[in-house]
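Novice: Here you go, this is target-v8.cif (mmCIF, C-alpha atoms).
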```cif
data_coords
loop_
_atom_site.label_atom_id
_atom_site.label_comp_id
_atom_site.auth_asym_id
_atom_site.auth_seq_id
_atom_site.Cartn_x
_atom_site.Cartn_y
_atom_site.Cartn_z
CA MET A 22 27.37 8.52 9.71
CA THR A 23 24.18 10.05 10.95
CA ASP A 24 22.95 12.34 13.67
CA GLN A 25 20.25 11.39 16.09
CA LYS A 26 17.01 11.49 14.14
CA ALA A 27 14.47 9.62 16.18
CA THR A 28 13.41 12.09 18.83
CA ASN A 29 10.60 9.87 20.07
CA ILE A 30 12.98 7.34 21.58
CA THR A 31 13.41 7.18 25.33
CA TRP A 32 16.96 6.23 26.26
CA HIS A 33 17.35 3.91 29.17
CA ALA A 34 20.42 3.91 31.32
CA HIS A 35 20.05 0.25 32.26
CA ASN A 36 19.93 -2.94 30.26
CA VAL A 37 16.66 -4.78 29.76
CA THR A 38 16.44 -7.37 32.52
CA THR A 39 14.55 -10.65 32.68
CA GLN A 40 12.19 -8.93 35.12
CA ASP A 41 11.51 -6.21 32.53
CA LEU A 42 10.72 -8.88 29.94
CA GLU A 43 8.43 -10.70 32.38
CA ARG A 44 6.48 -7.49 32.91
CA LEU A 45 6.23 -6.99 29.15
CA HIS A 46 5.01 -10.53 28.44
CA GLY A 47 2.86 -10.68 31.56
CA HIS A 48 4.42 -13.89 32.82
CA LYS A 49 7.69 -15.53 33.79
CA GLY A 50 9.72 -17.76 31.54
CA VAL A 51 9.82 -21.47 32.28
CA THR A 52 11.19 -24.58 30.62
CA ILE A 53 8.77 -27.46 30.23
CA TRP A 54 11.02 -30.40 29.50
CA PHE A 55 9.21 -33.33 27.84
CA THR A 56 11.03 -36.68 28.01
CA GLY A 57 10.00 -40.13 26.84
CA LEU A 58 10.40 -42.73 24.13
CA SER A 59 10.12 -41.96 20.44
CA ALA A 60 6.41 -41.72 19.54
CA SER A 61 5.38 -41.32 23.19
CA GLY A 62 3.67 -38.03 22.35
CA LYS A 63 6.28 -35.48 23.55
CA SER A 64 6.14 -33.17 20.56
CA THR A 65 2.37 -33.41 20.12
CA ILE A 66 1.69 -32.56 23.76
CA ALA A 67 4.38 -29.84 23.83
CA ASN A 68 2.73 -28.17 20.86
CA ALA A 69 -0.73 -28.54 22.41
CA VAL A 70 0.50 -26.87 25.61
CA ALA A 71 2.16 -24.06 23.64
CA ALA A 72 -0.99 -23.53 21.56
CA ALA A 73 -3.23 -23.38 24.61
CA LEU A 74 -0.96 -20.85 26.34
CA HIS A 75 -0.59 -18.87 23.12
CA GLY A 76 -4.38 -18.71 22.98
CA ARG A 77 -4.22 -16.93 26.33
CA GLY A 78 -1.77 -14.37 25.00
CA MET A 79 1.36 -15.89 26.48
CA SER A 80 4.73 -15.89 24.76
CA THR A 81 5.74 -19.46 23.90
CA PHE A 82 8.30 -21.41 21.87
CA VAL A 83 8.82 -25.10 21.14
CA LEU A 84 12.30 -26.57 20.77
CA ASP A 85 12.21 -29.95 19.05
CA GLY A 86 14.02 -32.07 16.52
CA ASP A 87 12.67 -29.96 13.65
CA ASN A 88 14.43 -26.79 14.69
CA ILE A 89 17.42 -28.20 16.63
CA ARG A 90 18.65 -31.35 14.91
CA HIS A 91 19.08 -29.67 11.53
CA GLY A 92 20.30 -26.42 13.05
CA LEU A 93 22.25 -25.92 16.27
CA ASN A 94 22.97 -29.61 16.70
CA LYS A 95 23.45 -30.69 13.11
CA ASP A 96 27.12 -31.39 13.87
CA LEU A 97 26.17 -34.06 16.42
CA GLY A 98 25.56 -37.76 15.90
CA PHE A 99 24.32 -40.41 18.30
CA SER A 100 27.51 -41.42 20.10
CA PRO A 101 27.39 -41.22 23.92
CA GLU A 102 29.47 -38.01 23.86
CA ASP A 103 27.27 -36.42 21.21
CA ARG A 104 24.09 -37.35 23.07
CA VAL A 105 25.40 -35.59 26.17
CA GLN A 106 26.38 -32.53 24.14
CA ASN A 107 22.98 -32.58 22.37
CA ILE A 108 21.03 -32.35 25.62
CA ARG A 109 23.51 -29.92 27.21
CA ARG A 110 23.09 -27.44 24.35
CA ILE A 111 19.31 -27.77 24.38
CA GLY A 112 19.35 -27.12 28.12
CA GLU A 113 21.42 -23.97 27.60
CA VAL A 114 19.15 -22.67 24.84
CA ALA A 115 16.08 -23.40 26.96
CA LYS A 116 17.65 -21.34 29.75
CA LEU A 117 18.16 -18.43 27.34
CA PHE A 118 14.47 -18.55 26.39
CA THR A 119 13.53 -18.58 30.09
CA SER A 120 15.76 -15.50 30.52
CA ALA A 121 13.80 -13.93 27.67
CA ALA A 122 10.55 -14.55 29.63
CA VAL A 123 9.33 -17.05 27.06
CA ILE A 124 7.50 -20.22 28.11
CA ASN A 125 9.57 -22.81 26.28
CA CYS A 126 8.75 -26.47 25.70
CA THR A 127 11.51 -28.92 24.78
CA ALA A 128 10.55 -32.23 23.18
CA PHE A 129 13.49 -34.64 23.03
CA ILE A 130 13.84 -38.27 24.09
CA SER A 131 16.60 -37.23 26.53
CA PRO A 132 16.92 -40.78 27.85
CA TYR A 133 19.53 -40.28 30.58
CA VAL A 134 18.91 -39.05 34.11
CA ALA A 135 22.35 -37.44 34.28
CA ASP A 136 21.81 -35.34 31.14
CA ARG A 137 18.38 -34.16 32.24
CA LYS A 138 19.90 -33.24 35.59
CA ILE A 139 22.42 -31.01 33.79
CA ALA A 140 19.55 -29.22 32.04
CA ARG A 141 17.58 -28.89 35.28
CA ASP A 142 20.53 -27.63 37.29
CA LEU A 143 20.96 -24.73 34.86
CA GLN A 144 17.63 -23.30 36.04
CA PRO A 145 16.29 -25.35 38.95
CA GLU A 146 13.54 -22.87 39.85
CA THR A 147 12.10 -22.74 36.35
CA PHE A 148 12.30 -26.34 35.17
CA ILE A 149 9.23 -28.56 34.84
CA GLU A 150 10.01 -32.14 33.81
CA VAL A 151 7.18 -33.94 32.04
CA TYR A 152 7.56 -37.67 31.67
CA CYS A 153 5.57 -39.01 28.74
CA LYS A 154 5.19 -42.59 29.93
CA CYS A 155 4.16 -45.05 27.27
CA GLU A 156 4.85 -48.76 26.82
CA VAL A 157 7.36 -49.45 24.11
CA ASP A 158 4.91 -51.68 22.21
CA VAL A 159 2.36 -48.86 22.11
CA CYS A 160 5.02 -46.49 20.75
CA GLU A 161 6.03 -49.20 18.30
CA SER A 162 2.47 -49.63 17.10
CA ARG A 163 2.25 -45.86 16.45
CA ASP A 164 5.72 -45.53 14.88
CA PRO A 165 4.77 -42.51 12.72
CA LYS A 166 8.24 -42.23 11.21
CA GLY A 167 8.88 -45.95 10.84
CA LEU A 168 11.84 -45.70 13.21
CA TYR A 169 11.00 -48.70 15.39
CA LYS A 170 10.71 -50.84 12.28
CA LYS A 171 14.15 -49.70 11.14
CA ALA A 172 15.62 -50.15 14.60
CA LYS A 173 14.28 -53.71 14.86
CA ALA A 174 15.71 -54.44 11.43
CA GLY A 175 19.08 -53.24 12.71
CA GLN A 176 19.10 -50.25 10.40
CA ILE A 177 19.30 -47.82 13.33
CA LYS A 178 21.79 -48.60 16.05
CA GLU A 179 21.35 -47.61 19.67
CA PHE A 180 17.67 -46.78 19.33
CA THR A 181 16.14 -45.87 22.69
CA GLY A 182 13.74 -48.53 23.95
CA VAL A 183 14.97 -51.11 21.44
CA SER A 184 18.75 -51.26 21.59
CA ALA A 185 19.55 -48.42 23.99
CA PRO A 186 18.19 -47.78 27.48
CA TYR A 187 15.64 -45.21 28.61
CA GLU A 188 16.10 -44.07 32.19
CA ALA A 189 12.71 -42.97 33.48
CA PRO A 190 12.53 -39.88 35.71
CA GLU A 191 12.10 -40.78 39.36
CA ARG A 192 10.35 -37.59 40.41
CA PRO A 193 9.11 -35.68 37.36
CA GLU A 194 6.92 -32.67 38.05
CA VAL A 195 4.31 -34.22 35.73
CA LEU A 196 3.81 -37.87 34.82
CA LEU A 197 1.57 -38.48 31.82
CA ASP A 198 0.26 -41.90 30.91
CA THR A 199 0.38 -41.08 27.22
CA GLY A 200 -0.61 -44.59 26.19
CA ARG A 201 -4.07 -44.03 27.68
CA MET A 202 -4.69 -40.30 28.14
CA SER A 203 -5.85 -38.02 25.34
CA VAL A 204 -3.61 -35.22 24.10
CA GLU A 205 -6.03 -32.72 25.59
CA ALA A 206 -5.99 -34.39 29.00
CA CYS A 207 -2.19 -34.53 28.95
CA ALA A 208 -1.85 -30.88 28.02
CA SER A 209 -4.38 -29.92 30.70
CA ALA A 210 -2.38 -31.80 33.32
CA VAL A 211 0.76 -29.86 32.34
CA ILE A 212 -1.08 -26.55 32.50
CA GLU A 213 -2.57 -27.41 35.90
CA THR A 214 0.96 -27.98 37.18
CA LEU A 215 2.10 -24.65 35.73
CA LYS A 216 -0.81 -23.03 37.56
CA SER A 217 -0.11 -24.73 40.86
CA ARG A 218 3.51 -23.59 40.67
CA GLY A 219 2.56 -20.01 39.84
CA PHE A 220 3.80 -19.87 36.25
CA VAL A 221 0.30 -19.51 34.81
CA SER A 222 -2.57 -17.75 36.54
CA MET B 11 -3.21 -39.42 36.08
CA THR B 12 -5.89 -36.78 35.79
CA ASP B 13 -8.95 -35.96 33.81
CA GLN B 14 -9.35 -32.77 31.88
CA LYS B 15 -9.91 -30.07 34.47
CA ALA B 16 -9.30 -26.77 32.76
CA THR B 17 -12.46 -26.13 30.81
CA ASN B 18 -11.41 -22.59 29.89
CA ILE B 19 -8.70 -23.78 27.53
CA THR B 20 -9.21 -23.54 23.81
CA TRP B 21 -7.54 -26.42 22.01
CA HIS B 22 -5.88 -25.58 18.75
CA ALA B 23 -5.46 -28.11 16.00
CA HIS B 24 -2.34 -26.46 14.63
CA ASN B 25 1.01 -25.65 16.11
CA VAL B 26 1.93 -22.07 17.00
CA THR B 27 3.71 -20.62 13.99
CA THR B 28 6.20 -17.79 13.73
CA GLN B 29 3.40 -15.74 12.15
CA ASP B 30 1.23 -16.38 15.20
CA LEU B 31 4.04 -15.19 17.46
CA GLU B 32 4.58 -12.11 15.30
CA ARG B 33 0.91 -11.21 15.70
CA LEU B 34 1.18 -11.71 19.47
CA HIS B 35 4.28 -9.56 19.86
CA GLY B 36 3.16 -7.01 17.28
CA HIS B 37 6.35 -7.26 15.23
CA LYS B 38 8.58 -9.66 13.35
CA GLY B 39 11.72 -11.20 14.74
CA VAL B 40 15.06 -9.99 13.41
CA THR B 41 18.71 -10.56 14.25
CA ILE B 42 20.81 -7.43 14.70
CA TRP B 43 24.37 -8.70 14.46
CA PHE B 44 26.94 -6.34 16.01
CA THR B 45 30.53 -6.96 14.92
CA GLY B 46 33.74 -5.08 15.74
CA LEU B 47 36.86 -5.04 17.87
CA SER B 48 36.85 -5.60 21.59
CA ALA B 49 35.77 -2.33 23.30
CA SER B 50 34.31 -0.94 20.07
CA GLY B 51 30.93 -0.52 21.74
CA LYS B 52 29.03 -3.58 20.44
CA SER B 53 27.45 -4.65 23.70
CA THR B 54 26.72 -1.11 24.89
CA ILE B 55 24.96 -0.18 21.65
CA ALA B 56 23.16 -3.54 21.44
CA ASN B 57 21.76 -2.99 24.91
CA ALA B 58 20.80 0.60 24.10
CA VAL B 59 18.90 -0.59 21.00
CA ALA B 60 17.16 -3.34 23.00
CA ALA B 61 16.23 -0.87 25.76
CA ALA B 62 14.79 1.64 23.30
CA LEU B 63 12.70 -1.03 21.54
CA HIS B 64 11.64 -2.49 24.89
CA GLY B 65 10.46 0.98 25.84
CA ARG B 66 8.11 0.78 22.85
CA GLY B 67 6.71 -2.53 24.03
CA MET B 68 8.70 -4.74 21.68
CA SER B 69 10.02 -8.17 22.63
CA THR B 70 13.82 -8.12 22.71
CA PHE B 71 16.80 -10.19 23.82
CA VAL B 72 20.56 -9.62 23.83
CA LEU B 73 22.99 -12.48 23.23
CA ASP B 74 26.49 -11.59 24.36
CA GLY B 75 29.53 -12.98 26.11
CA ASP B 76 27.79 -12.83 29.48
CA ASN B 77 25.08 -15.35 28.61
CA ILE B 78 26.84 -17.38 25.88
CA ARG B 79 30.49 -17.81 26.80
CA HIS B 80 29.77 -19.27 30.23
CA GLY B 81 26.74 -21.20 29.01
CA LEU B 82 26.14 -22.68 25.56
CA ASN B 83 29.72 -22.12 24.41
CA LYS B 84 31.61 -22.78 27.60
CA ASP B 85 33.15 -25.88 26.00
CA LEU B 86 34.84 -23.75 23.32
CA GLY B 87 38.23 -22.06 23.39
CA PHE B 88 39.86 -19.70 20.91
CA SER B 89 41.32 -22.09 18.33
CA PRO B 90 40.29 -21.45 14.71
CA GLU B 91 37.88 -24.43 14.82
CA ASP B 92 36.34 -23.29 18.10
CA ARG B 93 35.92 -19.73 16.82
CA VAL B 94 33.97 -21.04 13.84
CA GLN B 95 31.83 -23.24 16.07
CA ASN B 96 31.28 -20.32 18.48
CA ILE B 97 29.84 -18.07 15.80
CA ARG B 98 27.92 -20.90 14.12
CA ARG B 99 26.09 -21.75 17.34
CA ILE B 100 25.33 -18.10 18.07
CA GLY B 101 23.93 -17.77 14.55
CA GLU B 102 21.68 -20.78 15.10
CA VAL B 103 20.41 -19.50 18.45
CA ALA B 104 19.78 -16.07 16.94
CA LYS B 105 17.70 -17.75 14.23
CA LEU B 106 15.64 -19.53 16.90
CA PHE B 107 14.90 -16.19 18.58
CA THR B 108 13.89 -14.73 15.22
CA SER B 109 11.54 -17.72 14.80
CA ALA B 110 10.11 -16.83 18.21
CA ALA B 111 9.38 -13.29 16.91
CA VAL B 112 11.90 -11.75 19.27
CA ILE B 113 14.14 -8.86 18.15
CA ASN B 114 17.53 -10.27 19.08
CA CYS B 115 20.84 -8.42 19.25
CA THR B 116 24.10 -10.37 19.16
CA ALA B 117 27.27 -8.67 20.38
CA PHE B 118 30.39 -10.67 19.53
CA ILE B 119 33.66 -9.68 17.87
CA SER B 120 32.94 -12.22 15.09
CA PRO B 121 36.10 -11.19 13.18
CA TYR B 122 35.79 -13.37 10.09
CA VAL B 123 33.70 -12.64 7.01
CA ALA B 124 33.13 -16.34 6.37
CA ASP B 125 31.68 -17.00 9.83
CA ARG B 126 29.38 -13.99 9.68
CA LYS B 127 28.21 -15.19 6.28
CA ILE B 128 27.23 -18.53 7.82
CA ALA B 129 25.13 -16.69 10.41
CA ARG B 130 23.58 -14.45 7.74
CA ASP B 131 22.79 -17.30 5.37
CA LEU B 132 20.72 -18.99 8.08
CA GLN B 133 18.19 -16.14 7.87
CA PRO B 134 19.11 -13.79 5.02
CA GLU B 135 15.81 -11.86 5.12
CA THR B 136 16.02 -11.10 8.83
CA PHE B 137 19.70 -10.32 9.34
CA ILE B 138 21.00 -6.81 9.98
CA GLU B 139 24.76 -6.56 10.26
CA VAL B 140 26.02 -3.61 12.28
CA TYR B 141 29.71 -2.84 11.97
CA CYS B 142 31.02 -0.99 15.01
CA LYS B 143 34.01 0.67 13.39
CA CYS B 144 36.59 2.00 15.78
CA GLU B 145 40.35 2.48 15.50
CA VAL B 146 42.27 -0.07 17.50
CA ASP B 147 44.08 2.64 19.49
CA VAL B 148 40.74 4.12 20.56
CA CYS B 149 39.56 0.66 21.68
CA GLU B 150 42.89 0.20 23.41
CA SER B 151 42.56 3.50 25.25
CA ARG B 152 39.11 2.39 26.51
CA ASP B 153 40.12 -1.19 27.35
CA PRO B 154 37.47 -1.59 30.09
CA LYS B 155 38.52 -5.16 30.88
CA GLY B 156 42.26 -4.62 30.51
CA LEU B 157 42.37 -7.12 27.64
CA TYR B 158 44.48 -5.03 25.25
CA LYS B 159 47.06 -4.56 27.97
CA LYS B 160 47.21 -8.31 28.53
CA ALA B 161 47.31 -9.01 24.80
CA LYS B 162 50.19 -6.60 24.28
CA ALA B 163 52.02 -8.23 27.18
CA GLY B 164 51.58 -11.57 25.41
CA GLN B 165 49.29 -12.91 28.11
CA ILE B 166 46.43 -13.40 25.62
CA LYS B 167 47.30 -15.06 22.35
CA GLU B 168 45.49 -14.41 19.10
CA PHE B 169 43.74 -11.29 20.32
CA THR B 170 41.73 -9.63 17.56
CA GLY B 171 43.27 -6.34 16.44
CA VAL B 172 46.57 -7.07 18.20
CA SER B 173 47.75 -10.55 17.23
CA ALA B 174 44.81 -11.82 15.19
CA PRO B 175 43.08 -10.22 12.20
CA TYR B 176 39.70 -8.48 12.05
CA GLU B 177 38.02 -8.71 8.68
CA ALA B 178 35.75 -5.69 8.31
CA PRO B 179 32.34 -6.16 6.68
CA GLU B 180 32.27 -4.89 3.11
CA ARG B 181 28.57 -4.12 2.97
CA PRO B 182 27.07 -4.03 6.47
CA GLU B 183 23.48 -2.84 6.74
CA VAL B 184 24.70 -0.27 9.29
CA LEU B 185 28.16 1.23 9.70
CA LEU B 186 28.74 3.05 12.97
CA ASP B 187 31.77 5.22 13.59
CA THR B 188 31.81 4.28 17.26
CA GLY B 189 35.04 6.17 17.91
CA ARG B 190 33.21 9.45 17.29
CA MET B 191 29.45 8.93 17.57
CA SER B 192 27.60 8.85 20.88
CA VAL B 193 25.88 5.68 22.03
CA GLU B 194 22.53 7.39 21.47
CA ALA B 195 23.39 8.40 17.91
CA CYS B 196 24.61 4.87 17.15
CA ALA B 197 21.48 3.26 18.55
CA SER B 198 19.30 5.73 16.64
CA ALA B 199 21.06 4.85 13.39
CA VAL B 200 20.34 1.16 13.98
CA ILE B 201 16.69 1.85 14.74
CA GLU B 202 16.35 4.04 11.64
CA THR B 203 17.62 1.11 9.56
CA LEU B 204 15.13 -1.23 11.25
CA LYS B 205 12.40 1.27 10.34
CA SER B 206 13.49 1.66 6.74
CA ARG B 207 13.47 -2.13 6.35
CA GLY B 208 10.06 -2.51 7.90
CA PHE B 209 11.03 -4.26 11.13
CA VAL B 210 10.02 -1.32 13.31
CA SER B 211 7.16 1.06 12.53
#
```
For this file, produce the structure as structure tokens.

Specialist:
Amino acid sequence: MTDQKATNITWHAHNVTTQDLERLHGHKGVTIWFTGLSASGKSTIANAVAAALHGRGMSTFVLDGDNIRHGLNKDLGFSPEDRVQNIRRIGEVAKLFTSAAVINCTAFISPYVADRKIARDLQPETFIEVYCKCEVDVCESRDPKGLYKKAKAGQIKEFTGVSAPYEAPERPEVLLDTGRMSVEACASAVIETLKSRGFVS
Amino acid sequence: MTDQKATNITWHAHNVTTQDLERLHGHKGVTIWFTGLSASGKSTIANAVAAALHGRGMSTFVLDGDNIRHGLNKDLGFSPEDRVQNIRRIGEVAKLFTSAAVINCTAFISPYVADRKIARDLQPETFIEVYCKCEVDVCESRDPKGLYKKAKAGQIKEFTGVSAPYEAPERPEVLLDTGRMSVEACASAVIETLKSRGFVS
């Protein structure tokens, strides 16, 4: 096909490791796992955290419904089995991003303790669970996508907080009272926790 | 919970976009999709490409059997349906890494044209297919994991190149004669293609 042309390439005997990528990006990878009811602020706060860290030159990525539900998990519905598979796959992808030394935020309702435990156990040292705590009637009053209205009208079955349970984390790394705190205050609290755990300097 | 403490944080009104991440990393994301028989050199060359680009300060990641088969795709076997699902998921994850402005190499046999087309169609502008072309008897003589031996003994069913077909790419962006070229020459050819297409300067 072709002979070696690019003489300015240094060939490395070893594969690029996670440690190599951490040195390149200047920080470790970590998964910041946002959980809470629909409209509790998960995605908004996840994006605010990512933007603040990006502003400091850190490598970030947000996994949320926009890029997962219509992509990797488009073959999944809302049955109990599919919900488990949904969160399992997200947990695995988050772990890959951590291996790539990217600070990754996941923003999914993830209502079950057992499923979140699966995600955590994949990378226990690099998993920060952020519980976006918000009363269901506050979420319902926000309802940006009109989902609570549809759920109450019976048009969506097994809707978390209305017709399906939400199992709150018992010991999340960060608990945010998203019904009362501003987005900025919530994001700051997450970043303070990242600092105290050595992920952000 | 907490008031805003970190006064040195700049709050951004907009989410971090792929363009923002490209500026941060200094390059676009791209998927370099290695396809070929078992022992044709996919993973070795993928890692050599990643190491060379890493040496130039670029953000890279390799998706291969080591981090996918025992993770995201550990629920999949080797049935026709599972093979399709295997490649589909890898294609979706590769697209996420491209969105994160990471140069990602995938190293999987991916024997079927139709499956590779699904992966390509997810990101047609950022998909470089690299065909690692190698005679099956050369692969068999390498056989680092003893898989050809097992396949020939009937211990592995539907083994690509032995008891299952490999559909060669008709128009790959890069064709490597991995039975004859050195790893360095193969990796150089890939990098030259990345240069000519504007992914690497």

Novice: Between A:Cys126, A:Val211, A:Cys153, A:Leu45, which one has atoms that come closest to chain B, using only C-alpha atoms?

Specialist: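 The shortest atom-to-atom distance to chain B comes from A:Leu45.
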
Novice: Please determine, counting only C-alpha atoms, which residue among A:Ile108, A:His91, A:Asn125, A:Phe148 has the shortest atom-to-atom distance to Ala71 of chain A.

Specialist: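 For Ala71 of chain A, the nearest of the given residues is A:Asn125.
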
Novice: Given the file shown, enumerate the residues that the PyMOL selection byres ((chain B and resi 194) around 9) captures and present them as an MDAnalysis selection string.

Specialist: (chainID A and resid 25 32) or (chainID B and resid 55 58:59 191:193 195:199)

Novice: Show which residues sit within 12 Å of Lys63 of chain A, as a PyMOL selection string. Count only C-alpha atoms, and ignore same-chain residues fewer than 3 positions away.

Specialist: chain A and resi 53-60+66-70+83-86+126-131+150-155+160+196-200+204+207-208+211

Novice: How far is it from atom CA of Ala178 of chain B to atom CA of Ile201 of chain B, in Å with one decimal?

Specialist: 21.5 Å

Novice: Translate the PyMOL selection byres ((chain B and resi 122) around 10) into a concrete residue list for this structure, as a PyMOL selection string.

Specialist: chain B and resi 45+93-94+97+119-121+123-127+175-179

Novice: Just the residues within 10 Å of Gln95 of chain B, please, counting all atoms listed in the file, with nothing from its chain fewer than 6 positions along; format it as a list of chain:residue names.

Specialist: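 Contacts, with the query itself left out: A:Leu93, A:Asp96, B:Asn83, B:Leu86, B:Gly87, B:Ser89, B:Gly101, B:Asp125.
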
Novice: As a PyMOL selection string, please: the residues near Leu42 of chain A (cut-off 10 Å, only C-alpha atoms, same-chain neighbours under 5 positions excluded).

Specialist: (chain A and resi 37+47-50+120-123) or (chain B and resi 64+67-71)

Novice: Nearest to chain B among A:Asp164, A:Asp142, A:Glu156, A:Glu113, with distances taken over only C-alpha atoms: which residue is it?

Specialist: A:Glu113

Novice: Here is a test: counting all atoms listed in the file, which residue of B:Ser50, B:Ser173, B:Thr28, B:Thr41 is nearest to Arg152 of chain B?

Specialist: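 Ranking B:Ser50, B:Ser173, B:Thr28, B:Thr41 by distance to Arg152 of chain B, first place goes to B:Ser50.
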
Novice: Using only C-alpha atoms, which residue out of A:Ser222, A:Thr147, A:Thr65, A:Ser217 lies closest to chain B?

Specialist: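 When distances to chain B are compared using only C-alpha atoms, the smallest one comes from A:Thr65.
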
Novice: Around all the atoms of segment 137-155 of chain B listed in the file, with 6 Å of room on each side, what axis-aligned box do you get, giving centre and edge lengths in Å to one decimal, as JSON?

Specialist:
```
{"center_x": 31.9, "center_y": -3.1, "center_z": 20.1, "size_x": 36.4, "size_y": 26.4, "size_z": 33.5}
```
